[in-house]
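Working notes, beginning with the structure itself.
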Amino acid sequence: MLPWKRVLRPLAALLLTAAVATVPAATAAAADTAPSWASPRSSEAESGGGWNDFSCKPSAAHPRPVVLVHGTLGNSVDNWLSLAPYLKDRGYCVYSLDYGQLTGVPLFYGLGPIDKSAEQLSAFVDKVLAATGAAKADLVGHSQGGMMPRYYLKFLGGAGKVNALVGLAPDNHGATLSGLTNLLPYFPGASDLIKATTPGLGDQIPGSDFLTRLNAGGDTVPGVHYTVIATKYDEVATPWQSQYLSGSDVHNVLLQDLCPLDLSEHVAIGLIDRIAFHEVANALDPPHATATTCASVFS
């Protein structure tokens with residue numbers, strides 16, 4: 001091999017790693033800070049937005065607390081500045097957590113090994129159930145946050161504690177980043193570099209050991225109601241059909257089937273899209289579901 005190729009090979013791997021990290025960063029709208037749910041910032045969200053209130057008691061109308069699970073490089077506050085108040089205003093006890101922090105990386109979450117992140121979710125759900133007295137919780141996740149809970153349900157006993165999992169643009173079968181990860185084999189060492197430095201990103205590469213184990217034997221577990229809300233304009237979990245789950249208790253929804261005018265992509269569907277939020281509310285309370293249309297933006 002020519003000497004210049006020896007130089008460019010590791011450089012290309014580093015550049016590709018940066019690209020892989022950059023796109024998910026946009027998908028989670030990572031903020032200038034990413035505190036834990038118990039940090040002063042989170043306390044501010046409690047008083048201003050009304051969620052993460054551990055004195056909240058679920059009502060007869062909404063007997064299960066809702067736990068919101070952020071995406072890669074997101075956090076428990078900024079990912080939910082719109083959806084958390086939306087659900088709180090509708091009478092739900094709403095909670096959110098931070099997970100997947102890497103040592104020495106204080107600003108961004110969702111980068112640690114996903115199986116370990118699922119353990120953090122398990123502990124948080126236990127805390128919420130103990131505080132509320134509810135028998136089960138409902139989970140709503142964006143991007144990685146819609147996929148990671150499936151590990152909790154399948155391998156950590158979560159199926160007995162969760163009624164429903166609602167995923168907003170979940171990368172259930174990996175995040176191809178509009179085909180960018182397909183280039184990894186052309187850059188020797190790139191995949192290993194990603195897995196070593198940001199395991200949470202490596203776990204989301206299609207074909208990873210984590211995803212192979214997660215999806216082996218079927219996408220779902222009995223007793224849990226699954227909803228996937230996707231957008232055809234997704235640029236991260238692509239093709240968007242890969243977000244869908246197979247199973248007997250699965251409701252796969254394409255946002256544009258509900259409102260053809262909705263242009264939300266991977267970021268907006270989780271952060272600001274009230275049409276998607278209306279469908280989330282339907283998934284949390286099927287007996288009182290109403291048709292989701294373009295007019296749902298005003299609901």
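If you're wondering about the labels, chains in the structure tokens are A, B, ... by order shown, residues count from 1 in each chain, ligands from 1 in order shown.
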Quick one: which range 124-235 of chain A residues come within 8 Å of range 258-268 of chain A, and what is the nearest atom pair for each with the distance in Å to one decimal, counting only C-alpha atoms, rows ordered by chain and ascending number, as JSON lines?
{"residue": "A:Ser143", "atom": "CA", "partner": "A:His266", "partner_atom": "CA", "distance": 7.8}
{"residue": "A:Ala169", "atom": "CA", "partner": "A:His266", "partner_atom": "CA", "distance": 6.2}
{"residue": "A:Thr231", "atom": "CA", "partner": "A:Glu265", "partner_atom": "CA", "distance": 6.2}
{"residue": "A:Lys232", "atom": "CA", "partner": "A:Glu265", "partner_atom": "CA", "distance": 7.5}
{"residue": "A:Tyr233", "atom": "CA", "partner": "A:Glu265", "partner_atom": "CA", "distance": 4.8}
{"residue": "A:Asp234", "atom": "CA", "partner": "A:Glu265", "partner_atom": "CA", "distance": 4.6}
{"residue": "A:Glu235", "atom": "CA", "partner": "A:His266", "partner_atom": "CA", "distance": 6.3}
Store the residues picked out above in a file with N, CA and C atoms, as a compact mmCIF listing (two decimals), in the first residue's frame.
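again.txt was written with the following content:
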# COMPACT_ATOMS: atom_id res chain seq x y z
N SER A 143 -36.46 7.90 18.50
CA SER A 143 -35.24 7.39 17.89
C SER A 143 -34.70 6.21 18.71
N ALA A 169 -40.24 7.47 15.32
CA ALA A 169 -39.07 7.26 14.46
C ALA A 169 -38.03 6.38 15.14
N THR A 231 -42.07 8.59 9.75
CA THR A 231 -42.26 9.60 8.70
C THR A 231 -41.43 9.19 7.49
N LYS A 232 -42.00 9.38 6.31
CA LYS A 232 -41.28 8.99 5.09
C LYS A 232 -40.13 9.94 4.78
N TYR A 233 -40.04 11.04 5.51
CA TYR A 233 -38.95 11.98 5.31
C TYR A 233 -37.79 11.76 6.27
N ASP A 234 -37.82 10.63 6.98
CA ASP A 234 -36.75 10.30 7.92
C ASP A 234 -35.44 10.17 7.18
N GLU A 235 -34.39 10.78 7.72
CA GLU A 235 -33.07 10.71 7.11
C GLU A 235 -32.07 9.92 7.95
I'd like the neighbourhood of range 84-98 of chain A as an MDAnalysis selection string, where a residue qualifies if any of its atoms comes within 9 Å (using only C-alpha atoms), though same-chain residues fewer than 2 positions away should be ignored. chainID A and resid 34:38 49:54 56:59 61:70 74:77 80:82 100:101 109:110 120:121 124 128 132 274 277 281
Measuring between only C-alpha atoms, which one of A:Leu284, A:Met148, A:Ile194, A:Ala123 shows the shortest distance to Leu211 in chain A? A:Met148
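Here the DSSP assignment of strand (DSSP E or B), based on backbone atoms, applies within range 90-263 of chain A to Val94, Tyr95, Ser96, Leu97, Ala137, Asp138, Leu139, Val140, Gly141, His142, Val162, Asn163, Ala164, Leu165, Val166, Gly167, Leu168, His225, Tyr226, Thr227, Val228, Ile229, Ala230, Val250, His251, Asn252, Val253 and Leu254 of chain A.
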For Cys294 in chain A, list every protein, DNA or RNA residue within 7 Å, evaluated using only C-alpha atoms, and leave out those in the same chain fewer than 2 positions away; present the list as a PyMOL selection string. chain A and resi 259+275+296-297
Please identify the alpha helix (DSSP H) residues within range 43-281 of chain A (assignment by DSSP from backbone atoms) and present them as a compact mmCIF listing (two decimals) with N, CA and C atoms, in the first residue's frame.
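Saved result, out-v2.txt, follows:
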# COMPACT_ATOMS: atom_id res chain seq x y z
N SER A 43 -35.13 20.05 37.70
CA SER A 43 -36.06 20.62 38.66
C SER A 43 -36.77 21.83 38.07
N GLU A 44 -36.05 22.59 37.28
CA GLU A 44 -36.67 23.73 36.62
C GLU A 44 -37.76 23.25 35.67
N ALA A 45 -37.47 22.13 34.96
CA ALA A 45 -38.48 21.59 34.05
C ALA A 45 -39.70 21.13 34.83
N GLU A 46 -39.49 20.59 36.03
CA GLU A 46 -40.62 20.14 36.83
C GLU A 46 -41.55 21.30 37.16
N SER A 47 -41.00 22.41 37.57
CA SER A 47 -41.83 23.53 37.98
C SER A 47 -42.42 24.27 36.79
N GLY A 48 -41.65 24.30 35.67
CA GLY A 48 -42.13 25.04 34.51
C GLY A 48 -43.00 24.19 33.60
N GLY A 49 -42.55 22.94 33.34
CA GLY A 49 -43.28 22.08 32.42
C GLY A 49 -44.24 21.14 33.10
N LEU A 83 -43.65 17.58 23.95
CA LEU A 83 -44.50 16.42 24.20
C LEU A 83 -44.84 16.25 25.67
N ALA A 84 -43.89 16.50 26.58
CA ALA A 84 -44.18 16.33 28.00
C ALA A 84 -45.33 17.22 28.47
N PRO A 85 -45.30 18.53 28.19
CA PRO A 85 -46.45 19.36 28.57
C PRO A 85 -47.74 18.96 27.85
N TYR A 86 -47.62 18.52 26.61
CA TYR A 86 -48.79 18.07 25.85
C TYR A 86 -49.51 16.95 26.59
N LEU A 87 -48.74 15.97 27.08
CA LEU A 87 -49.34 14.86 27.80
C LEU A 87 -49.76 15.26 29.21
N LYS A 88 -48.96 16.10 29.84
CA LYS A 88 -49.30 16.57 31.18
C LYS A 88 -50.63 17.33 31.16
N ILE A 114 -26.07 0.08 24.74
CA ILE A 114 -27.52 0.18 24.85
C ILE A 114 -28.06 -0.81 25.87
N ASP A 115 -27.42 -1.96 26.04
CA ASP A 115 -27.91 -2.89 27.06
C ASP A 115 -27.77 -2.29 28.46
N LYS A 116 -26.73 -1.51 28.67
CA LYS A 116 -26.57 -0.82 29.96
C LYS A 116 -27.58 0.31 30.11
N SER A 117 -27.88 0.99 29.02
CA SER A 117 -28.90 2.03 29.06
C SER A 117 -30.25 1.43 29.43
N ALA A 118 -30.54 0.24 28.92
CA ALA A 118 -31.79 -0.44 29.25
C ALA A 118 -31.86 -0.75 30.73
N GLU A 119 -30.74 -1.04 31.35
CA GLU A 119 -30.72 -1.27 32.80
C GLU A 119 -31.07 0.01 33.55
N GLN A 120 -30.60 1.14 33.04
CA GLN A 120 -30.94 2.42 33.66
C GLN A 120 -32.43 2.71 33.51
N LEU A 121 -32.99 2.39 32.36
CA LEU A 121 -34.43 2.55 32.17
C LEU A 121 -35.19 1.66 33.13
N SER A 122 -34.74 0.44 33.31
CA SER A 122 -35.41 -0.48 34.23
C SER A 122 -35.47 0.10 35.64
N ALA A 123 -34.34 0.63 36.11
CA ALA A 123 -34.31 1.21 37.46
C ALA A 123 -35.22 2.42 37.57
N PHE A 124 -35.28 3.22 36.50
CA PHE A 124 -36.11 4.42 36.53
C PHE A 124 -37.59 4.06 36.54
N VAL A 125 -37.98 3.08 35.73
CA VAL A 125 -39.38 2.64 35.72
C VAL A 125 -39.77 2.13 37.10
N ASP A 126 -38.89 1.37 37.74
CA ASP A 126 -39.18 0.89 39.10
C ASP A 126 -39.42 2.06 40.04
N LYS A 127 -38.63 3.11 39.91
CA LYS A 127 -38.77 4.28 40.77
C LYS A 127 -40.12 4.97 40.52
N VAL A 128 -40.49 5.09 39.26
CA VAL A 128 -41.76 5.72 38.91
C VAL A 128 -42.94 4.90 39.43
N LEU A 129 -42.89 3.59 39.25
CA LEU A 129 -43.99 2.74 39.72
C LEU A 129 -44.10 2.79 41.25
N ALA A 130 -42.97 2.81 41.93
CA ALA A 130 -43.00 2.89 43.39
C ALA A 130 -43.60 4.20 43.86
N ALA A 131 -43.28 5.29 43.18
CA ALA A 131 -43.77 6.61 43.58
C ALA A 131 -45.25 6.78 43.29
N THR A 132 -45.70 6.24 42.16
CA THR A 132 -47.09 6.46 41.74
C THR A 132 -48.04 5.40 42.25
N GLN A 144 -33.45 6.28 19.20
CA GLN A 144 -32.94 5.20 20.04
C GLN A 144 -33.87 4.94 21.22
N GLY A 145 -34.51 5.99 21.71
CA GLY A 145 -35.41 5.85 22.84
C GLY A 145 -36.67 5.05 22.54
N GLY A 146 -36.97 4.86 21.26
CA GLY A 146 -38.08 4.00 20.89
C GLY A 146 -37.66 2.56 20.68
N MET A 147 -36.38 2.35 20.45
CA MET A 147 -35.84 1.01 20.24
C MET A 147 -35.25 0.40 21.50
N PRO A 149 -35.94 0.54 24.68
CA PRO A 149 -36.83 -0.12 25.65
C PRO A 149 -37.20 -1.55 25.29
N ARG A 150 -37.09 -1.91 24.02
CA ARG A 150 -37.40 -3.29 23.63
C ARG A 150 -36.43 -4.28 24.28
N TYR A 151 -35.20 -3.85 24.53
CA TYR A 151 -34.25 -4.71 25.24
C TYR A 151 -34.72 -4.90 26.69
N TYR A 152 -35.16 -3.83 27.29
CA TYR A 152 -35.70 -3.89 28.65
C TYR A 152 -36.90 -4.83 28.71
N LEU A 153 -37.78 -4.74 27.73
CA LEU A 153 -38.97 -5.58 27.72
C LEU A 153 -38.61 -7.05 27.51
N LYS A 154 -37.63 -7.30 26.67
CA LYS A 154 -37.32 -8.67 26.25
C LYS A 154 -36.40 -9.40 27.20
N PHE A 155 -35.44 -8.68 27.79
CA PHE A 155 -34.39 -9.35 28.55
C PHE A 155 -34.31 -8.96 30.03
N ALA A 190 -13.15 1.72 10.80
CA ALA A 190 -14.15 2.72 11.17
C ALA A 190 -15.18 2.14 12.14
N SER A 191 -15.70 0.95 11.83
CA SER A 191 -16.70 0.34 12.70
C SER A 191 -16.13 0.08 14.10
N ASP A 192 -14.90 -0.43 14.15
CA ASP A 192 -14.28 -0.69 15.45
C ASP A 192 -14.07 0.59 16.23
N LEU A 193 -13.71 1.66 15.52
CA LEU A 193 -13.50 2.94 16.18
C LEU A 193 -14.80 3.47 16.78
N ILE A 194 -15.88 3.36 16.02
CA ILE A 194 -17.17 3.82 16.52
C ILE A 194 -17.60 3.01 17.74
N LYS A 195 -17.46 1.70 17.65
CA LYS A 195 -17.87 0.84 18.77
C LYS A 195 -17.04 1.10 20.02
N ALA A 196 -15.75 1.40 19.82
CA ALA A 196 -14.87 1.62 20.97
C ALA A 196 -15.11 2.96 21.64
N THR A 197 -15.39 3.99 20.85
CA THR A 197 -15.50 5.34 21.40
C THR A 197 -16.92 5.71 21.78
N PRO A 199 -20.12 3.39 22.05
CA PRO A 199 -20.79 2.09 21.89
C PRO A 199 -22.26 2.20 21.51
N GLY A 200 -22.93 3.26 22.00
CA GLY A 200 -24.34 3.42 21.68
C GLY A 200 -24.57 3.65 20.20
N LEU A 201 -23.62 4.31 19.52
CA LEU A 201 -23.72 4.47 18.08
C LEU A 201 -23.42 3.16 17.37
N GLY A 202 -22.39 2.47 17.83
CA GLY A 202 -22.04 1.20 17.22
C GLY A 202 -23.16 0.18 17.31
N ASP A 209 -24.06 -6.69 16.67
CA ASP A 209 -24.36 -7.80 17.58
C ASP A 209 -25.57 -7.48 18.45
N PHE A 210 -25.67 -6.22 18.88
CA PHE A 210 -26.79 -5.83 19.74
C PHE A 210 -28.11 -5.99 19.01
N LEU A 211 -28.21 -5.44 17.80
CA LEU A 211 -29.47 -5.51 17.06
C LEU A 211 -29.80 -6.94 16.65
N THR A 212 -28.79 -7.73 16.36
CA THR A 212 -29.03 -9.14 16.01
C THR A 212 -29.66 -9.87 17.18
N ARG A 213 -29.14 -9.63 18.37
CA ARG A 213 -29.71 -10.28 19.56
C ARG A 213 -31.10 -9.73 19.86
N LEU A 214 -31.27 -8.42 19.74
CA LEU A 214 -32.55 -7.79 20.06
C LEU A 214 -33.67 -8.35 19.19
N ASN A 215 -33.40 -8.53 17.91
CA ASN A 215 -34.45 -8.89 16.97
C ASN A 215 -34.55 -10.40 16.71
N LEU A 255 -46.81 8.70 9.26
CA LEU A 255 -47.36 10.01 9.56
C LEU A 255 -48.08 10.62 8.35
N GLN A 256 -47.52 10.42 7.18
CA GLN A 256 -48.10 11.03 5.98
C GLN A 256 -49.41 10.36 5.55
N ASP A 257 -49.69 9.16 6.06
CA ASP A 257 -51.01 8.56 5.84
C ASP A 257 -52.08 9.27 6.66
N LEU A 258 -51.66 9.88 7.75
CA LEU A 258 -52.59 10.63 8.61
C LEU A 258 -52.76 12.05 8.10
N ALA A 268 -38.13 16.49 13.87
CA ALA A 268 -39.39 17.18 14.18
C ALA A 268 -40.47 16.24 14.68
N ILE A 269 -40.49 15.00 14.21
CA ILE A 269 -41.55 14.10 14.62
C ILE A 269 -41.54 13.88 16.13
N GLY A 270 -40.36 13.96 16.74
CA GLY A 270 -40.28 13.75 18.18
C GLY A 270 -40.30 15.03 18.99
N LEU A 271 -39.93 16.14 18.35
CA LEU A 271 -39.75 17.37 19.12
C LEU A 271 -40.94 18.32 19.05
N ARG A 274 -47.27 18.06 16.49
CA ARG A 274 -48.48 17.81 17.26
C ARG A 274 -49.39 16.79 16.58
N ILE A 275 -49.22 16.58 15.29
CA ILE A 275 -49.97 15.50 14.63
C ILE A 275 -49.46 14.15 15.15
N ALA A 276 -48.14 14.01 15.23
CA ALA A 276 -47.57 12.80 15.82
C ALA A 276 -47.96 12.68 17.28
N PHE A 277 -47.97 13.80 18.01
CA PHE A 277 -48.33 13.77 19.42
C PHE A 277 -49.76 13.28 19.61
N HIS A 278 -50.66 13.70 18.71
CA HIS A 278 -52.05 13.25 18.80
C HIS A 278 -52.13 11.74 18.64
N GLU A 279 -51.31 11.19 17.76
CA GLU A 279 -51.31 9.75 17.58
C GLU A 279 -50.69 9.05 18.78
N VAL A 280 -49.72 9.69 19.43
CA VAL A 280 -49.18 9.16 20.68
C VAL A 280 -50.29 9.07 21.72
N ALA A 281 -51.08 10.14 21.86
CA ALA A 281 -52.18 10.15 22.82
C ALA A 281 -53.19 9.04 22.51
For each of A:Ala230, A:Leu245, A:Val236, A:Ala164, take the minimum atom-to-atom distance to Gln204 in chain A, counting only C-alpha atoms, then give the residue where this is smallest.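 For Gln204 in chain A, the nearest of the given residues is A:Val236.
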Here is a test: counting only C-alpha atoms, which residue of A:Val221, A:Ala175, A:Val166, A:Ala216 is nearest to Ser242 in chain A? A:Ala175
Quick check, in Å to one decimal: how far apart do CA of Lys161 in chain A and CA of Gly71 in chain A lie? 21.6 Å
